[in-house]
Amino acid sequence: MKLKTVALIIFSLSILLLSQENKNRKDFKLNKSYKTEEEWKKILTEEQYYVLREKGTERPFTGKYWNHFEKGVYKCAACGEVLFESETKFDAGCGWPSFYESIDKNKIIEKDDFSFGMHRIEVMCKNCGGHLGHVFNDGPKPTGLRYCINSVSIKFEKK
């Protein structure tokens with residue numbers, strides 16, 4: 001009898017974990033940019049894969065766009081979704097490209113991140129699930145936000 005109870009508990013927990021994983025991925029499965037990790041490894045550089053898929057970060061002051069101020073739009077480097085406009089970019093002095101708002105809140109996902117023993121808000125591309133960076137509440141007006149984005153996770157398109 002005890003063995004059946006333990007088996008039932010393990011089965012129930014497995015179903016719960018699987019349903020949570022499906023909930024986390026549901027935003028991406030229906031999009032054209034949904035790919036397996038093997039497919040991502042084939043189309044992204046090693047550094048892009050590390051940041052976009054493994055939630056890594058590039059060193060500050062080393063990325064292509066941290067000190068870049070041409071007019072245009074910034075797209076997700078993985079799927080091409082337009083995420084930020086140059087008009088919202090500012091020099092935060094942090095070493096990463098910083099924006100005070102996204103082009104459309106429906107194009108990004110913001111979720112709690114408790115890694116490294118701290119609480120931050122992770123920013124991801126809603127279309128493909130790629131990790132972009134984090135958002136902080138120490139930015140300029142009008143939003144007071146600072147989207148701190150890895151250069152390797154975005155591509156610039158000049159207007």
# chains A, B, ... in the order shown; residues from 1 in each chain; ligands from 1

call {"tool": "residues_around", "arguments": {"residues": "range 47-60 of chain A", "least_positions_apart": "3", "cutoff": "10 Å", "atoms": "only C-alpha atoms", "output": "NGL selection string"}}
result
:A and (37 or 40-44 or 63 or 66 or 76-78 or 93-97 or 122 or 124-125 or 128-133 or 149-154)

call {"tool": "write_last_selection", "arguments": {"atoms": "N, CA and C atoms", "output": "CSV table (one decimal), in the first residue's frame"}}
result
chain,number,residue,atom,x,y,z
A,37,GLU,N,16.9,23.2,-29.2
A,37,GLU,CA,18.2,23.7,-28.9
A,37,GLU,C,19.3,23.3,-29.9
A,40,TRP,N,19.0,25.8,-32.6
A,40,TRP,CA,19.6,27.1,-32.2
A,40,TRP,C,21.1,27.0,-32.3
A,41,LYS,N,21.7,25.9,-31.9
A,41,LYS,CA,23.2,25.8,-32.0
A,41,LYS,C,23.7,25.9,-33.4
A,42,LYS,N,22.9,25.5,-34.4
A,42,LYS,CA,23.3,25.5,-35.8
A,42,LYS,C,23.3,27.0,-36.3
A,43,ILE,N,22.4,27.8,-35.8
A,43,ILE,CA,22.2,29.1,-36.5
A,43,ILE,C,22.8,30.3,-35.7
A,44,LEU,N,23.1,30.1,-34.4
A,44,LEU,CA,23.7,31.1,-33.5
A,44,LEU,C,25.2,30.9,-33.4
A,63,GLY,N,30.7,44.9,-25.8
A,63,GLY,CA,29.7,44.7,-26.8
A,63,GLY,C,29.7,45.7,-27.9
A,66,TRP,N,27.2,49.0,-27.0
A,66,TRP,CA,27.1,49.7,-25.7
A,66,TRP,C,27.3,51.2,-25.9
A,76,CYS,N,15.9,41.4,-32.2
A,76,CYS,CA,16.4,40.2,-31.6
A,76,CYS,C,17.4,39.5,-32.6
A,77,ALA,N,18.6,39.2,-32.1
A,77,ALA,CA,19.6,38.6,-32.9
A,77,ALA,C,19.3,37.1,-33.3
A,78,ALA,N,18.4,36.5,-32.6
A,78,ALA,CA,18.0,35.1,-32.9
A,78,ALA,C,16.9,35.1,-33.9
A,93,GLY,N,26.1,54.3,-18.5
A,93,GLY,CA,27.4,54.1,-17.9
A,93,GLY,C,27.6,52.8,-17.4
A,94,CYS,N,26.8,51.8,-17.7
A,94,CYS,CA,26.9,50.4,-17.1
A,94,CYS,C,27.7,49.5,-18.0
A,95,GLY,N,28.0,49.9,-19.3
A,95,GLY,CA,28.7,49.0,-20.2
A,95,GLY,C,27.9,48.2,-21.1
A,96,TRP,N,26.6,48.2,-21.0
A,96,TRP,CA,25.7,47.5,-21.9
A,96,TRP,C,24.7,48.5,-22.5
A,97,PRO,N,24.2,48.1,-23.7
A,97,PRO,CA,23.2,49.0,-24.3
A,97,PRO,C,22.0,49.1,-23.3
A,122,GLU,N,14.4,39.5,-15.5
A,122,GLU,CA,14.9,39.0,-16.7
A,122,GLU,C,14.1,39.5,-17.9
A,124,MET,N,13.2,38.8,-21.9
A,124,MET,CA,13.3,37.8,-23.0
A,124,MET,C,12.5,38.3,-24.2
A,125,CYS,N,12.9,37.8,-25.4
A,125,CYS,CA,12.2,38.0,-26.6
A,125,CYS,C,10.9,37.1,-26.5
A,128,CYS,N,10.9,34.3,-29.6
A,128,CYS,CA,11.7,33.1,-29.6
A,128,CYS,C,12.2,32.7,-28.2
A,129,GLY,N,11.9,33.5,-27.2
A,129,GLY,CA,12.3,33.1,-25.8
A,129,GLY,C,13.8,33.4,-25.5
A,130,GLY,N,14.5,34.1,-26.4
A,130,GLY,CA,15.9,34.4,-26.2
A,130,GLY,C,16.1,35.4,-25.0
A,131,HIS,N,17.1,35.1,-24.2
A,131,HIS,CA,17.5,36.0,-23.1
A,131,HIS,C,18.2,37.2,-23.7
A,132,LEU,N,17.7,38.4,-23.3
A,132,LEU,CA,18.2,39.6,-23.8
A,132,LEU,C,19.0,40.3,-22.7
A,133,GLY,N,18.6,40.3,-21.5
A,133,GLY,CA,19.3,41.0,-20.4
A,133,GLY,C,18.3,41.1,-19.2
A,149,ILE,N,20.7,45.5,-21.9
A,149,ILE,CA,20.6,44.4,-22.9
A,149,ILE,C,22.0,44.1,-23.4
A,150,ASN,N,22.2,42.8,-23.6
A,150,ASN,CA,23.5,42.3,-24.2
A,150,ASN,C,23.6,42.7,-25.6
A,151,SER,N,24.7,43.2,-26.1
A,151,SER,CA,24.8,43.6,-27.5
A,151,SER,C,24.7,42.3,-28.4
A,152,VAL,N,25.2,41.2,-27.9
A,152,VAL,CA,25.2,40.0,-28.7
A,152,VAL,C,23.8,39.4,-28.9
A,153,SER,N,22.8,39.9,-28.1
A,153,SER,CA,21.5,39.4,-28.3
A,153,SER,C,20.6,40.3,-29.2
A,154,ILE,N,21.2,41.4,-29.7
A,154,ILE,CA,20.4,42.2,-30.6
A,154,ILE,C,21.2,42.5,-31.9

call {"tool": "residues_around", "arguments": {"residues": "His119 in chain A", "least_positions_apart": "4", "cutoff": "12 Å", "atoms": "only C-alpha atoms", "output": "VMD selection string"}}
result
chain A and resid 111 to 115 134 to 136

call {"tool": "atom_distance", "arguments": {"atom1": "CA of Asn127 in chain A", "atom2": "CA of Tyr74 in chain A"}}
result
14.5 Å

call {"tool": "atom_distance", "arguments": {"atom1": "CA of Lys107 in chain A", "atom2": "CA of Phe69 in chain A"}}
result
22.2 Å

call {"tool": "select_by_dssp", "arguments": {"residues": "range 21-157 of chain A", "states": "alpha helix (DSSP H)", "output": "PDB file with C-alpha atoms, in the first residue's frame"}}
result
ATOM      1  CA  GLU A  21       7.388  23.397 -18.313  1.00  0.00           C
ATOM      2  CA  ASN A  22       4.665  23.477 -20.984  1.00  0.00           C
ATOM      3  CA  LYS A  23       3.269  26.676 -19.443  1.00  0.00           C
ATOM      4  CA  ASN A  24       6.729  28.289 -19.580  1.00  0.00           C
ATOM      5  CA  ARG A  25       7.181  27.309 -23.238  1.00  0.00           C
ATOM      6  CA  LYS A  26       3.623  27.952 -24.491  1.00  0.00           C
ATOM      7  CA  ASP A  27       4.486  31.490 -25.586  1.00  0.00           C
ATOM      8  CA  PHE A  28       7.128  30.140 -27.948  1.00  0.00           C
ATOM      9  CA  LYS A  29       5.641  26.911 -29.365  1.00  0.00           C
ATOM     10  CA  GLU A  37      18.240  23.712 -28.851  1.00  0.00           C
ATOM     11  CA  GLU A  38      20.094  21.751 -31.552  1.00  0.00           C
ATOM     12  CA  GLU A  39      18.586  24.014 -34.227  1.00  0.00           C
ATOM     13  CA  TRP A  40      19.608  27.119 -32.244  1.00  0.00           C
ATOM     14  CA  LYS A  41      23.174  25.794 -31.952  1.00  0.00           C
ATOM     15  CA  LYS A  42      23.348  25.548 -35.751  1.00  0.00           C
ATOM     16  CA  ILE A  43      22.212  29.134 -36.454  1.00  0.00           C
ATOM     17  CA  GLU A  46      28.808  30.306 -29.660  1.00  0.00           C
ATOM     18  CA  GLU A  47      28.557  33.642 -27.853  1.00  0.00           C
ATOM     19  CA  GLN A  48      24.988  34.257 -29.060  1.00  0.00           C
ATOM     20  CA  TYR A  49      23.955  30.781 -27.940  1.00  0.00           C
ATOM     21  CA  TYR A  50      25.565  31.332 -24.529  1.00  0.00           C
ATOM     22  CA  VAL A  51      23.662  34.585 -23.969  1.00  0.00           C
ATOM     23  CA  LEU A  52      20.374  33.993 -25.795  1.00  0.00           C
TER      24      LEU A  52
END

call {"tool": "atom_distance", "arguments": {"atom1": "CA of Val82 in chain A", "atom2": "CA of Arg120 in chain A"}}
result
23.4 Å

call {"tool": "closest_residue", "arguments": {"among": "A:Glu85, A:Glu110, A:Asp104, A:Asp91", "to": "Phe156 in chain A", "atoms": "only C-alpha atoms"}}
result
A:Glu85

call {"tool": "select_by_dssp", "arguments": {"residues": "range 54-107 of chain A", "states": "strand (DSSP E or B)", "output": "PyMOL selection string"}}
result
chain A and resi 72-76+82-85+89-90+98-99

call {"tool": "write_last_selection", "arguments": {"atoms": "N, CA and C atoms", "output": "short mmCIF file (atom, residue, chain, number, x, y, z; two decimals), in the first residue's frame"}}
result
data_model
loop_
_atom_site.label_atom_id
_atom_site.label_comp_id
_atom_site.auth_asym_id
_atom_site.auth_seq_id
_atom_site.Cartn_x
_atom_site.Cartn_y
_atom_site.Cartn_z
N GLY A 72 17.88 54.14 -35.65
CA GLY A 72 17.38 52.90 -36.21
C GLY A 72 16.66 52.07 -35.17
N VAL A 73 16.57 50.78 -35.43
CA VAL A 73 15.90 49.87 -34.51
C VAL A 73 16.84 48.72 -34.16
N TYR A 74 16.58 48.15 -33.00
CA TYR A 74 17.35 47.00 -32.52
C TYR A 74 16.43 45.78 -32.52
N LYS A 75 16.89 44.72 -33.19
CA LYS A 75 16.11 43.51 -33.34
C LYS A 75 16.73 42.37 -32.53
N CYS A 76 15.93 41.37 -32.23
CA CYS A 76 16.45 40.16 -31.59
C CYS A 76 17.43 39.51 -32.55
N VAL A 82 11.62 43.08 -33.91
CA VAL A 82 12.00 44.45 -33.54
C VAL A 82 11.64 44.66 -32.07
N LEU A 83 12.64 45.05 -31.27
CA LEU A 83 12.45 45.14 -29.82
C LEU A 83 12.63 46.55 -29.24
N PHE A 84 13.60 47.32 -29.75
CA PHE A 84 13.90 48.63 -29.19
C PHE A 84 14.16 49.63 -30.30
N GLU A 85 13.87 50.90 -30.03
CA GLU A 85 14.17 51.99 -30.97
C GLU A 85 15.35 52.79 -30.43
N LYS A 89 17.27 54.77 -26.46
CA LYS A 89 18.57 54.33 -25.98
C LYS A 89 19.26 55.49 -25.26
N PHE A 90 19.95 55.18 -24.18
CA PHE A 90 20.66 56.22 -23.43
C PHE A 90 21.94 55.64 -22.85
N SER A 98 21.55 50.36 -23.15
CA SER A 98 20.45 50.61 -22.23
C SER A 98 19.35 51.39 -22.92
N PHE A 99 18.13 50.98 -22.66
CA PHE A 99 16.94 51.60 -23.25
C PHE A 99 15.95 51.89 -22.12
#
